[in-house]
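Visitor: Structure file structure23.tsv (TSV, C-alpha atoms and all ligand atoms) right here:
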```tsv
chain	number	residue	atom	x	y	z
A	295	MET	CA	-21.23	17.62	27.78
A	296	ALA	CA	-21.18	18.48	31.46
A	297	ASN	CA	-20.74	22.18	32.07
A	298	MET	CA	-17.67	21.93	34.30
A	299	MET	CA	-14.07	21.13	33.37
A	300	LYS	CA	-10.69	20.62	35.01
A	301	ALA	CA	-8.09	23.37	34.55
A	302	ALA	CA	-4.61	24.15	35.93
A	303	VAL	CA	-4.87	27.62	37.48
A	304	PHE	CA	-2.37	30.05	38.96
A	305	VAL	CA	-3.22	30.45	42.66
A	306	ALA	CA	-0.22	32.34	44.10
A	307	PRO	CA	3.57	32.35	43.56
A	308	GLY	CA	4.74	28.74	43.90
A	309	ARG	CA	1.23	27.36	43.42
A	310	ILE	CA	-0.40	26.17	40.20
A	311	GLU	CA	-3.21	23.77	41.05
A	312	LEU	CA	-5.94	21.80	39.36
A	313	ALA	CA	-9.38	23.41	39.77
A	314	GLU	CA	-12.95	22.97	38.53
A	315	LYS	CA	-14.08	25.71	36.18
A	316	LYS	CA	-17.12	26.37	34.09
A	317	ILE	CA	-16.74	25.45	30.41
A	318	PRO	CA	-16.79	28.85	28.67
A	319	ASP	CA	-19.66	30.12	26.53
A	320	VAL	CA	-18.89	30.47	22.82
A	321	GLY	CA	-19.22	33.96	21.31
A	322	PRO	CA	-19.74	34.57	17.58
A	323	ASN	CA	-16.01	34.80	16.74
A	324	ASP	CA	-14.82	32.09	19.13
A	325	ALA	CA	-14.29	28.36	18.92
A	326	LEU	CA	-14.38	25.98	21.86
A	327	VAL	CA	-11.60	23.43	21.47
A	328	ARG	CA	-11.45	20.20	23.47
A	329	ILE	CA	-7.78	19.85	24.34
A	330	THR	CA	-6.27	16.47	23.45
A	331	THR	CA	-2.63	17.43	24.12
A	332	THR	CA	-0.91	20.49	25.56
A	333	THR	CA	2.40	21.16	27.27
A	334	ILE	CA	4.26	23.28	29.81
A	335	CYS	CA	6.52	26.12	28.62
A	336	GLY	CA	9.47	27.76	30.35
A	337	THR	CA	7.31	30.88	30.49
A	338	ASP	CA	4.77	28.96	32.60
A	339	VAL	CA	7.54	28.25	35.11
A	340	HIS	CA	8.19	32.03	35.35
A	341	ILE	CA	4.46	32.39	36.08
A	342	LEU	CA	4.59	29.60	38.68
A	343	LYS	CA	7.51	31.29	40.46
A	344	GLY	CA	5.72	34.63	40.47
A	345	GLU	CA	8.38	36.19	38.19
A	346	TYR	CA	5.78	36.93	35.50
A	347	PRO	CA	2.54	38.13	37.11
A	348	VAL	CA	-0.87	36.88	35.95
A	349	ALA	CA	-4.27	37.15	37.62
A	350	PRO	CA	-4.95	34.57	40.36
A	351	GLY	CA	-7.46	32.04	39.06
A	352	LEU	CA	-6.25	32.29	35.46
A	353	THR	CA	-5.86	28.98	33.59
A	354	ILE	CA	-2.22	28.61	32.49
A	355	GLY	CA	-0.81	27.22	29.22
A	356	HIS	CA	-0.57	28.47	25.64
A	357	GLU	CA	0.10	25.43	23.44
A	358	PRO	CA	-3.21	23.91	22.25
A	359	VAL	CA	-3.69	20.72	20.23
A	360	GLY	CA	-7.28	19.51	20.13
A	361	VAL	CA	-10.62	19.00	18.44
A	362	ILE	CA	-13.25	21.65	17.66
A	363	GLU	CA	-16.11	21.10	20.09
A	364	LYS	CA	-18.25	24.12	19.17
A	365	LEU	CA	-17.90	26.89	16.60
A	366	GLY	CA	-19.08	30.47	17.01
A	367	SER	CA	-21.85	31.54	14.63
A	368	ALA	CA	-19.53	33.80	12.57
A	369	VAL	CA	-16.68	31.31	12.15
A	370	GLN	CA	-16.66	29.79	8.67
A	371	GLY	CA	-14.63	27.11	6.90
A	372	TYR	CA	-14.26	24.71	9.83
A	373	ARG	CA	-16.36	21.86	11.19
A	374	GLU	CA	-16.99	20.55	14.66
A	375	GLY	CA	-14.92	17.43	15.31
A	376	GLN	CA	-12.00	18.72	13.22
A	377	ARG	CA	-8.47	18.36	14.65
A	378	VAL	CA	-6.81	21.74	15.03
A	379	ILE	CA	-4.03	23.68	16.64
A	380	ALA	CA	-3.84	27.40	17.36
A	381	GLY	CA	-0.76	29.54	17.85
A	382	ALA	CA	0.35	30.36	21.38
A	383	ILE	CA	-0.03	33.93	20.16
A	384	CYS	CA	-3.56	34.47	18.85
A	385	PRO	CA	-3.98	38.10	17.79
A	386	ASN	CA	-6.99	39.84	16.35
A	387	PHE	CA	-5.81	40.02	12.74
A	388	ASN	CA	-8.09	42.99	12.03
A	389	SER	CA	-5.94	45.20	14.22
A	390	TYR	CA	-3.58	48.06	13.26
A	391	ALA	CA	-0.66	46.09	14.69
A	392	ALA	CA	-1.50	43.03	12.55
A	393	GLN	CA	-1.87	45.14	9.40
A	394	ASP	CA	1.49	46.70	10.24
A	395	GLY	CA	3.09	43.24	10.17
A	396	VAL	CA	3.53	42.89	13.94
A	397	ALA	CA	0.42	40.94	14.89
A	398	SER	CA	2.10	39.53	18.01
A	399	GLN	CA	2.14	43.07	19.45
A	400	ASP	CA	-1.64	43.50	19.07
A	401	GLY	CA	-3.51	44.71	22.13
A	402	SER	CA	-6.61	45.97	20.33
A	403	TYR	CA	-8.87	43.61	22.28
A	404	LEU	CA	-7.79	45.36	25.48
A	405	THR	CA	-9.25	48.74	24.48
A	406	ALA	CA	-12.66	48.00	25.92
A	407	SER	CA	-11.15	47.33	29.33
A	408	GLY	CA	-9.04	50.49	29.13
A	409	LYS	CA	-5.76	48.58	29.38
A	410	CYS	CA	-4.55	49.74	25.97
A	411	GLY	CA	-4.82	52.96	24.00
A	412	CYS	CA	-7.14	53.10	21.00
A	413	HIS	CA	-4.10	52.70	18.73
A	414	GLY	CA	-4.21	48.98	19.58
A	415	TYR	CA	-0.46	48.40	19.97
A	416	LYS	CA	0.68	46.77	23.19
A	417	ALA	CA	4.00	44.93	23.36
A	418	THR	CA	3.54	41.13	23.69
A	419	ALA	CA	-0.26	41.45	24.04
A	420	GLY	CA	-0.90	39.10	21.12
A	421	TRP	CA	-0.09	36.46	23.72
A	422	ARG	CA	-3.52	35.89	25.22
A	423	PHE	CA	-3.73	32.20	26.31
A	424	GLY	CA	-2.60	31.78	29.90
A	425	ASN	CA	-1.62	35.45	30.07
A	426	MET	CA	-4.63	37.66	29.37
A	427	ILE	CA	-7.32	34.96	29.00
A	428	ASP	CA	-7.76	31.39	30.21
A	429	GLY	CA	-5.18	29.06	28.70
A	430	THR	CA	-4.77	25.54	27.43
A	431	GLN	CA	-3.84	23.40	30.45
A	432	ALA	CA	-7.48	22.40	30.78
A	433	GLU	CA	-10.04	20.09	29.24
A	434	TYR	CA	-11.33	22.92	27.00
A	435	VAL	CA	-10.03	26.26	25.77
A	436	LEU	CA	-11.88	29.12	24.11
A	437	VAL	CA	-9.95	30.28	21.02
A	438	PRO	CA	-10.67	33.96	20.27
A	439	ASP	CA	-10.80	35.28	16.68
A	440	ALA	CA	-11.00	31.64	15.65
A	441	GLN	CA	-11.34	32.35	11.93
A	442	ALA	CA	-7.79	33.71	11.91
A	443	ASN	CA	-6.25	31.49	14.55
A	444	LEU	CA	-7.48	27.90	14.06
A	445	ALA	CA	-5.26	25.73	11.86
A	446	PRO	CA	-6.45	22.25	10.77
A	447	ILE	CA	-3.92	19.46	11.41
A	448	PRO	CA	-2.98	17.60	8.21
A	449	ASP	CA	-3.99	13.93	8.15
A	450	GLY	CA	-1.15	11.71	9.22
A	451	LEU	CA	0.41	14.08	11.77
A	452	THR	CA	0.01	13.02	15.40
A	453	ASP	CA	-0.64	15.30	18.37
A	454	THR	CA	2.94	14.73	19.53
A	455	GLN	CA	4.35	15.72	16.14
A	456	VAL	CA	2.50	19.06	16.04
A	457	LEU	CA	2.77	19.88	19.75
A	458	MET	CA	5.78	22.14	19.16
A	459	CYS	CA	4.09	24.23	16.44
A	460	PRO	CA	2.04	26.68	18.56
A	461	ASP	CA	5.06	28.09	20.40
A	462	ILE	CA	8.43	26.31	20.39
A	463	MET	CA	8.82	25.70	16.67
A	464	SER	CA	7.24	29.03	15.69
A	465	THR	CA	9.52	30.92	18.09
A	466	GLY	CA	12.68	28.98	17.26
A	467	PHE	CA	12.11	29.30	13.51
A	468	LYS	CA	11.44	33.04	13.93
A	469	GLY	CA	14.82	33.29	15.60
A	470	ALA	CA	16.41	31.76	12.51
A	471	GLU	CA	14.31	33.90	10.14
A	472	ASN	CA	15.30	37.06	12.06
A	473	ALA	CA	18.98	36.12	11.75
A	474	ASN	CA	18.98	37.01	8.02
A	475	ILE	CA	20.57	33.66	7.15
A	476	LYS	CA	21.98	33.20	3.66
A	477	LEU	CA	23.18	30.01	1.96
A	478	GLY	CA	26.60	29.05	3.27
A	479	ASP	CA	26.40	31.15	6.44
A	480	THR	CA	27.94	30.44	9.81
A	481	VAL	CA	25.36	30.74	12.58
A	482	VAL	CA	25.86	30.37	16.33
A	483	VAL	CA	22.88	29.38	18.50
A	484	PHE	CA	23.29	30.16	22.20
A	485	ALA	CA	21.34	27.75	24.46
A	486	GLN	CA	19.86	24.45	23.30
A	487	GLY	CA	16.63	24.25	25.22
A	488	PRO	CA	13.56	23.37	23.13
A	489	ILE	CA	13.46	26.82	21.46
A	490	GLY	CA	17.20	26.94	20.81
A	491	LEU	CA	17.02	23.44	19.30
A	492	CYS	CA	14.28	24.63	16.95
A	493	ALA	CA	16.39	27.69	16.05
A	494	THR	CA	19.24	25.29	15.20
A	495	ALA	CA	16.90	23.25	12.99
A	496	GLY	CA	15.56	26.44	11.38
A	497	ALA	CA	19.08	27.70	10.62
A	498	ARG	CA	19.81	24.41	8.88
A	499	LEU	CA	16.61	24.57	6.79
A	500	LEU	CA	17.38	28.18	5.79
A	501	GLY	CA	20.75	27.19	4.36
A	502	ALA	CA	23.36	27.86	7.03
A	503	THR	CA	26.22	25.39	6.50
A	504	THR	CA	28.22	25.90	9.68
A	505	ILE	CA	25.89	25.83	12.67
A	506	ILE	CA	27.56	26.10	16.06
A	507	ALA	CA	25.35	25.11	19.00
A	508	VAL	CA	26.31	26.28	22.50
A	509	ASP	CA	25.02	24.90	25.81
A	510	GLY	CA	26.31	23.60	29.14
A	511	ASN	CA	24.49	20.27	28.91
A	512	ASP	CA	26.05	17.50	26.80
A	513	HIS	CA	22.73	15.66	26.45
A	514	ARG	CA	21.16	18.75	24.84
A	515	LEU	CA	24.23	19.24	22.65
A	516	GLY	CA	23.73	15.66	21.43
A	517	ILE	CA	20.17	16.50	20.39
A	518	ALA	CA	21.48	19.70	18.76
A	519	LYS	CA	23.51	17.47	16.41
A	520	VAL	CA	20.32	15.62	15.45
A	521	MET	CA	18.61	19.00	14.84
A	522	GLY	CA	21.36	20.08	12.45
A	523	ALA	CA	24.30	21.49	14.42
A	524	ASP	CA	27.69	20.94	12.77
A	525	VAL	CA	29.75	21.87	15.83
A	526	THR	CA	28.73	21.80	19.49
A	527	LEU	CA	30.48	23.75	22.27
A	528	ASN	CA	29.99	23.12	26.00
A	529	PHE	CA	30.68	26.41	27.79
A	530	HIS	CA	31.90	24.48	30.84
A	531	HIS	CA	34.79	23.11	28.79
A	532	CYS	CA	35.94	26.02	26.63
A	533	ASP	CA	35.88	29.78	26.15
A	534	VAL	CA	33.04	29.88	23.66
A	535	VAL	CA	33.84	33.28	22.14
A	536	ASP	CA	37.53	32.37	21.60
A	537	GLU	CA	36.59	29.02	20.13
A	538	ILE	CA	34.12	30.56	17.67
A	539	MET	CA	36.63	33.19	16.56
A	540	LYS	CA	39.10	30.32	15.91
A	541	LEU	CA	36.49	28.29	14.03
A	542	THR	CA	35.72	31.26	11.78
A	543	GLY	CA	39.35	32.19	11.17
A	544	GLY	CA	38.90	35.39	13.15
A	545	ARG	CA	36.12	36.59	10.90
A	546	GLY	CA	33.24	36.05	13.29
A	547	ALA	CA	29.85	34.47	12.67
A	548	ASP	CA	27.44	35.83	10.08
A	549	SER	CA	24.70	35.72	12.67
A	550	SER	CA	23.99	34.61	16.19
A	551	ILE	CA	20.77	33.55	17.86
A	552	GLU	CA	20.23	34.11	21.59
A	553	ALA	CA	17.71	31.64	23.03
A	554	LEU	CA	18.00	32.04	26.79
A	555	GLY	CA	17.64	35.64	27.99
A	556	THR	CA	20.72	36.40	30.10
A	557	GLN	CA	23.40	39.09	29.99
A	558	GLY	CA	26.07	36.43	29.44
A	559	THR	CA	24.49	34.80	26.40
A	560	PHE	CA	23.42	38.13	24.90
A	561	GLU	CA	26.91	39.54	25.31
A	562	SER	CA	28.56	36.44	23.82
A	563	ALA	CA	26.10	36.53	20.91
A	564	LEU	CA	27.31	40.07	20.19
A	565	ARG	CA	31.00	39.28	20.69
A	566	VAL	CA	31.01	36.44	18.11
A	567	LEU	CA	29.42	38.52	15.33
A	568	LYS	CA	31.33	39.69	12.29
A	569	PRO	CA	30.98	43.40	11.47
A	570	GLY	CA	27.65	43.68	9.68
A	571	GLY	CA	26.35	40.54	11.35
A	572	THR	CA	22.91	40.04	12.83
A	573	LEU	CA	22.05	39.14	16.42
A	574	SER	CA	18.62	37.53	16.61
A	575	SER	CA	17.35	37.59	20.17
A	576	LEU	CA	14.63	35.21	21.41
A	577	GLY	CA	15.32	35.13	25.15
A	578	VAL	CA	12.99	36.59	27.76
A	579	TYR	CA	15.18	38.95	29.81
A	580	SER	CA	14.41	39.67	33.44
A	581	SER	CA	16.85	42.54	34.04
A	582	ASP	CA	18.47	45.42	32.15
A	583	LEU	CA	21.01	44.47	29.49
A	584	THR	CA	24.42	46.07	29.10
A	585	ILE	CA	25.93	46.35	25.65
A	586	PRO	CA	29.74	46.02	25.80
A	587	MET	CA	31.26	48.84	23.79
A	588	SER	CA	34.14	46.84	22.24
A	589	ALA	CA	31.82	44.14	20.90
A	590	PHE	CA	29.45	46.84	19.67
A	591	ALA	CA	32.26	48.64	17.78
A	592	ALA	CA	31.21	51.81	19.62
A	593	GLY	CA	27.94	51.66	17.67
A	594	LEU	CA	29.65	51.76	14.25
A	595	GLY	CA	29.78	48.04	13.39
A	596	ASP	CA	26.75	47.81	11.09
A	597	HIS	CA	25.38	45.21	13.50
A	598	ARG	CA	21.71	44.46	13.54
A	599	ILE	CA	19.85	43.32	16.64
A	600	ASN	CA	16.40	41.82	16.05
A	601	THR	CA	13.89	40.80	18.70
A	602	ALA	CA	10.67	38.85	18.32
A	603	LEU	CA	7.69	37.34	20.00
A	604	CYS	CA	6.45	34.01	18.62
A	605	PRO	CA	4.35	34.54	15.46
A	606	GLY	CA	0.84	33.09	15.50
A	607	GLY	CA	-2.10	32.76	13.11
A	608	LYS	CA	-3.38	29.97	10.88
A	609	GLU	CA	-1.04	30.68	7.96
A	610	ARG	CA	2.04	30.49	10.20
A	611	MET	CA	0.75	27.25	11.74
A	612	ARG	CA	-0.03	25.80	8.29
A	613	ARG	CA	3.53	26.43	7.11
A	614	LEU	CA	5.09	24.93	10.24
A	615	MET	CA	2.93	21.80	9.94
A	616	ASN	CA	3.93	21.58	6.24
A	617	VAL	CA	7.57	21.37	7.29
A	618	LEU	CA	6.67	18.41	9.51
A	619	ALA	CA	4.34	16.76	6.99
A	620	ALA	CA	7.08	16.99	4.33
A	621	GLU	CA	9.41	15.21	6.77
A	622	ARG	CA	12.00	17.98	6.70
A	623	LEU	CA	12.12	17.79	10.48
A	624	ASP	CA	10.89	15.54	13.30
A	625	LEU	CA	10.28	17.33	16.58
A	626	GLY	CA	8.81	14.31	18.35
A	627	VAL	CA	12.27	13.80	19.89
A	628	LEU	CA	11.72	16.95	21.99
A	629	VAL	CA	8.70	15.41	23.75
A	630	THR	CA	10.48	13.40	26.43
A	631	HIS	CA	7.66	12.81	28.95
A	632	GLN	CA	3.89	12.39	29.16
A	633	TYR	CA	1.58	13.17	32.10
A	634	PRO	CA	-2.20	13.18	32.51
A	635	LEU	CA	-3.69	16.63	33.26
A	636	ASP	CA	-4.65	15.21	36.68
A	637	ASP	CA	-0.91	14.99	37.54
A	638	ILE	CA	0.08	18.40	36.18
A	639	VAL	CA	1.44	19.60	39.53
A	640	ALA	CA	3.98	16.74	39.42
A	641	ALA	CA	4.72	17.59	35.78
A	642	TYR	CA	5.49	21.20	36.77
A	643	ASP	CA	7.82	19.94	39.48
A	644	LEU	CA	9.74	17.74	37.03
A	645	PHE	CA	9.89	20.47	34.36
A	646	ALA	CA	10.77	23.37	36.66
A	647	ASN	CA	13.61	21.36	38.21
A	648	GLN	CA	14.76	20.01	34.82
A	649	ARG	CA	15.03	16.44	36.09
A	650	ASP	CA	15.37	13.23	34.09
A	651	GLY	CA	16.56	14.86	30.85
A	652	VAL	CA	13.21	16.57	30.35
A	653	LEU	CA	12.75	18.78	27.29
A	654	LYS	CA	8.96	18.95	26.81
A	655	ILE	CA	6.11	17.15	28.54
A	656	ALA	CA	2.95	16.13	26.71
A	657	ILE	CA	-0.02	16.84	29.01
A	658	LYS	CA	-3.15	14.80	28.24
A	659	PRO	CA	-6.54	15.82	29.71
A	701	ZN	ZN	5.81	29.47	25.63
```
Output the structure of this file as structure tokens.
Ligand SMILES: [Zn+2]
Guide:
Amino acid sequence: MANMMKAAVFVAPGRIELAEKKIPDVGPNDALVRITTTTICGTDVHILKGEYPVAPGLTIGHEPVGVIEKLGSAVQGYREGQRVIAGAICPNFNSYAAQDGVASQDGSYLTASGKCGCHGYKATAGWRFGNMIDGTQAEYVLVPDAQANLAPIPDGLTDTQVLMCPDIMSTGFKGAENANIKLGDTVVVFAQGPIGLCATAGARLLGATTIIAVDGNDHRLGIAKVMGADVTLNFHHCDVVDEIMKLTGGRGADSSIEALGTQGTFESALRVLKPGGTLSSLGVYSSDLTIPMSAFAAGLGDHRINTALCPGGKERMRRLMNVLAAERLDLGVLVTHQYPLDDIVAAYDLFANQRDGVLKIAIKP
């Protein structure tokens, strides 16, 4: 093994470029994973545009599928050469935040650098790859706290099949789980990008029987049907809130899932809820939200609003891969393109500009 590798690094706003980097040393709790497939996330595009700041020189990417190259001395129960994934969010599961059930909000590893208080909580800090530490758009990635974060891939599942597990499927399913779905429910999913499509699929698996998918792109609405939507609404062609109130006989939806991160979708997700309904928010918002008083019943509507960051950890990944292995869902349809790591700048251009019906791009080192 040579000691240098190729990696896609953030240089400056508008510039993510391929660079040569040293292959990292493996500490006792780490694992070095040779990436066989990774992908580009909408969040990476925010980084590219400079809307989400990261350190110049940081390797981007947080969706690893690969093979264990080298295990740290304290990591047990795995073998080198094993196929694995790790969650996009890879917390230290010994932390206060993890033991409190919110591992994704763990910043305990930041205490040494003084970026976090000794309490260990820091919102979103469980997201380390391509945010706090070098990420996955590279030939190798160092997985921290590997004992808790590495999940073996079941035999028979391909890289492409499991590529959505680290982030997109985990996030989308969390959106459905946070929507408190009961058998027979009506659920509205706002935005049918890759995460919204997974939320639609998750709502179906959890027992919702009227799933209404909303988007402005008919191609995506077509895929929403495949993922389990019963009704699709294109917001260019109808007043979505009116239409949903008609479809529910004026009652409103039992829950709504917001999978974009704008005032408009958040507000509509609140307006379609029945009293007592749950709004499950997944979007990444980039400005202050306003809550409309009428839709909020002046604060007396028994509404619940849940937010989440993608759950990580080997148990979460194991369950997600079980759903795929049991053939309850096929997410291969979301992987529309494939690029070699060498051409990742072109892949970013395609993905950021949403050309050619792109949903997700498999990146192969
Ligand atoms: Zn992501």
Visitor: Can you work out which one of A:Gly321, A:Gln455, A:Val627, A:Gly355 has the shortest atom-to-atom distance to A:Val339, counting all atoms listed in the file?
Guide: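 Smallest distance to A:Val339 is found for A:Gly355.
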Visitor: List the neighbours of A:Pro659 out to 10 Å using only C-alpha atoms; skip same-chain residues closer than 3 positions along the sequence, and give me the result as a ChimeraX atom specification.
Guide: /A:299-301,328-332,431-434,633-638,656
Visitor: What does the file look like for those residues with C-alpha atoms, as a PDB file, in the coordinates of the input?
Guide:
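Generated file (again.pdb):
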```
ATOM      1  CA  MET A 299     -14.070  21.130  33.370  1.00  0.00           C
ATOM      2  CA  LYS A 300     -10.690  20.620  35.010  1.00  0.00           C
ATOM      3  CA  ALA A 301      -8.090  23.370  34.550  1.00  0.00           C
ATOM      4  CA  ARG A 328     -11.450  20.200  23.470  1.00  0.00           C
ATOM      5  CA  ILE A 329      -7.780  19.850  24.340  1.00  0.00           C
ATOM      6  CA  THR A 330      -6.270  16.470  23.450  1.00  0.00           C
ATOM      7  CA  THR A 331      -2.630  17.430  24.120  1.00  0.00           C
ATOM      8  CA  THR A 332      -0.910  20.490  25.560  1.00  0.00           C
ATOM      9  CA  GLN A 431      -3.840  23.400  30.450  1.00  0.00           C
ATOM     10  CA  ALA A 432      -7.480  22.400  30.780  1.00  0.00           C
ATOM     11  CA  GLU A 433     -10.040  20.090  29.240  1.00  0.00           C
ATOM     12  CA  TYR A 434     -11.330  22.920  27.000  1.00  0.00           C
ATOM     13  CA  TYR A 633       1.580  13.170  32.100  1.00  0.00           C
ATOM     14  CA  PRO A 634      -2.200  13.180  32.510  1.00  0.00           C
ATOM     15  CA  LEU A 635      -3.690  16.630  33.260  1.00  0.00           C
ATOM     16  CA  ASP A 636      -4.650  15.210  36.680  1.00  0.00           C
ATOM     17  CA  ASP A 637      -0.910  14.990  37.540  1.00  0.00           C
ATOM     18  CA  ILE A 638       0.080  18.400  36.180  1.00  0.00           C
ATOM     19  CA  ALA A 656       2.950  16.130  26.710  1.00  0.00           C
TER      20      ALA A 656
END
```
Visitor: Can you measure atom CA of A:Leu567 to atom CA of A:Lys540 for me? One decimal in Å is fine.
Guide: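 These two atoms are separated by 12.7 Å.
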Visitor: Which value, in Å to one decimal, gives the distance between atom ZN of ligand ZN 701 (chain A) and atom CA of A:Pro438?
Guide: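 We find that atom ZN of ligand ZN 701 (chain A) and atom CA of A:Pro438 lie 17.9 Å from each other.
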Visitor: Compare A:Phe560, A:Tyr579, A:Phe590, A:Phe423 by their minimum atom-to-atom distance to ligand ZN 701 (chain A), counting only C-alpha atoms and all ligand atoms, and give me the closest one.
Guide: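 Smallest separation from ligand ZN 701 (chain A) among the options: A:Phe423.
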Visitor: Of the candidates A:Cys335, A:Val578, A:Ala485, A:Ile341, which shows the shortest atom-to-atom distance to A:Val305, using all atoms listed in the file?
Guide: A:Ile341
Visitor: Where does chain A meet ligand ZN 701 (chain A) within 8 Å, residue by residue, with the nearest atom pair and distance in Å to one decimal for each, counting all atoms listed in the file, listed by chain and rising number, as a Markdown table?
Guide:
```
| residue | atom | partner | partner_atom | distance |
| --- | --- | --- | --- | --- |
| A:Ile334 | CA | A:ZN701 | ZN | 7.6 |
| A:Cys335 | CA | A:ZN701 | ZN | 4.5 |
| A:Gly336 | CA | A:ZN701 | ZN | 6.2 |
| A:Thr337 | CA | A:ZN701 | ZN | 5.3 |
| A:Asp338 | CA | A:ZN701 | ZN | 7.1 |
| A:Gly355 | CA | A:ZN701 | ZN | 7.9 |
| A:His356 | CA | A:ZN701 | ZN | 6.5 |
| A:Glu357 | CA | A:ZN701 | ZN | 7.3 |
| A:Ala382 | CA | A:ZN701 | ZN | 7.0 |
| A:Asp461 | CA | A:ZN701 | ZN | 5.5 |
| A:Ile462 | CA | A:ZN701 | ZN | 6.7 |
```
Visitor: Put those residues in a file: C-alpha atoms, as a compact mmCIF listing (two decimals), keeping the file's coordinate frame.
Guide:
```txt
# COMPACT_ATOMS: atom_id res chain seq x y z
CA ILE A 334 4.26 23.28 29.81
CA CYS A 335 6.52 26.12 28.62
CA GLY A 336 9.47 27.76 30.35
CA THR A 337 7.31 30.88 30.49
CA ASP A 338 4.77 28.96 32.60
CA GLY A 355 -0.81 27.22 29.22
CA HIS A 356 -0.57 28.47 25.64
CA GLU A 357 0.10 25.43 23.44
CA ALA A 382 0.35 30.36 21.38
CA ASP A 461 5.06 28.09 20.40
CA ILE A 462 8.43 26.31 20.39
```
Visitor: If we count all atoms listed in the file, what is near A:Lys608 at a cut-off of 9 Å, once residues fewer than 2 positions away on the same chain are taken out, given as a VMD selection string?
Guide: chain A and resid 379 to 381 441 to 446 606 610 to 613
Visitor: Specify the axis-aligned box that encloses all atoms of stretch 315-331 of chain A listed in the file after padding of 8 Å on each side, stating its centre and edge lengths in Å to one decimal as JSON.
Guide:
```
{"center_x": -11.2, "center_y": 25.6, "center_z": 26.5, "size_x": 33.1, "size_y": 34.3, "size_z": 35.4}
```
Visitor: Please indicate the distance in Å from atom CA of A:Leu326 to atom CA of A:Leu436, rounded to one decimal place.
Guide: 4.6 Å
Visitor: Env of A:Gln399: 9 Å cut, atoms = all atoms listed in the file, seq-sep filter 5 positions within chain, self excluded. Answer as an MDAnalysis selection string.
Guide: chainID A and resid 385 391:392 414:421 603
Visitor: When you look at A:Ile362 with a cut-off of 6 Å (counting all atoms listed in the file), what residues show up, excluding the ones that are within fewer than 5 positions of it in the same chain? I need them as number ranges by chain.
Guide: A: 327, 374-376
Visitor: For stretch 500-513 of chain A, work out the shell of residues within 8 Å, counting only C-alpha atoms and skipping chain neighbours fewer than 5 positions away, then give it as a PDB file with C-alpha atoms, keeping the file's coordinate frame.
Guide:
```pdb
ATOM      1  CA  ALA A 470      16.410  31.760  12.510  1.00  0.00           C
ATOM      2  CA  GLU A 471      14.310  33.900  10.140  1.00  0.00           C
ATOM      3  CA  ILE A 475      20.570  33.660   7.150  1.00  0.00           C
ATOM      4  CA  LYS A 476      21.980  33.200   3.660  1.00  0.00           C
ATOM      5  CA  LEU A 477      23.180  30.010   1.960  1.00  0.00           C
ATOM      6  CA  GLY A 478      26.600  29.050   3.270  1.00  0.00           C
ATOM      7  CA  ASP A 479      26.400  31.150   6.440  1.00  0.00           C
ATOM      8  CA  THR A 480      27.940  30.440   9.810  1.00  0.00           C
ATOM      9  CA  VAL A 481      25.360  30.740  12.580  1.00  0.00           C
ATOM     10  CA  VAL A 482      25.860  30.370  16.330  1.00  0.00           C
ATOM     11  CA  VAL A 483      22.880  29.380  18.500  1.00  0.00           C
ATOM     12  CA  PHE A 484      23.290  30.160  22.200  1.00  0.00           C
ATOM     13  CA  ALA A 485      21.340  27.750  24.460  1.00  0.00           C
ATOM     14  CA  GLN A 486      19.860  24.450  23.300  1.00  0.00           C
ATOM     15  CA  THR A 494      19.240  25.290  15.200  1.00  0.00           C
ATOM     16  CA  ALA A 518      21.480  19.700  18.760  1.00  0.00           C
ATOM     17  CA  GLY A 522      21.360  20.080  12.450  1.00  0.00           C
ATOM     18  CA  ALA A 523      24.300  21.490  14.420  1.00  0.00           C
ATOM     19  CA  ASP A 524      27.690  20.940  12.770  1.00  0.00           C
ATOM     20  CA  VAL A 525      29.750  21.870  15.830  1.00  0.00           C
ATOM     21  CA  THR A 526      28.730  21.800  19.490  1.00  0.00           C
ATOM     22  CA  LEU A 527      30.480  23.750  22.270  1.00  0.00           C
ATOM     23  CA  ASN A 528      29.990  23.120  26.000  1.00  0.00           C
ATOM     24  CA  PHE A 529      30.680  26.410  27.790  1.00  0.00           C
ATOM     25  CA  HIS A 530      31.900  24.480  30.840  1.00  0.00           C
ATOM     26  CA  VAL A 534      33.040  29.880  23.660  1.00  0.00           C
ATOM     27  CA  GLY A 651      16.560  14.860  30.850  1.00  0.00           C
TER      28      GLY A 651
END
```
Visitor: Go through A:Gly487, A:Glu345, A:Asp453, A:Leu554 and flag the residue nearest A:Gln648, using all atoms listed in the file for the distances.
Guide: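 When distances to A:Gln648 are compared using all atoms listed in the file, the smallest one comes from A:Gly487.
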Visitor: Restricting the calculation to only C-alpha atoms: of A:Thr584, A:Gln370, A:Ser407, A:Asn386, which residue gets closest to A:Gly607?
Guide: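 Among the listed residues, the smallest separation from A:Gly607 belongs to A:Asn386.
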Visitor: Taking all atoms listed in the file into account, name the residue in A:Ile383, A:Val437, A:Leu583, A:Leu618 that is nearest to A:Asn425.
Guide: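 Closest candidate: A:Ile383.
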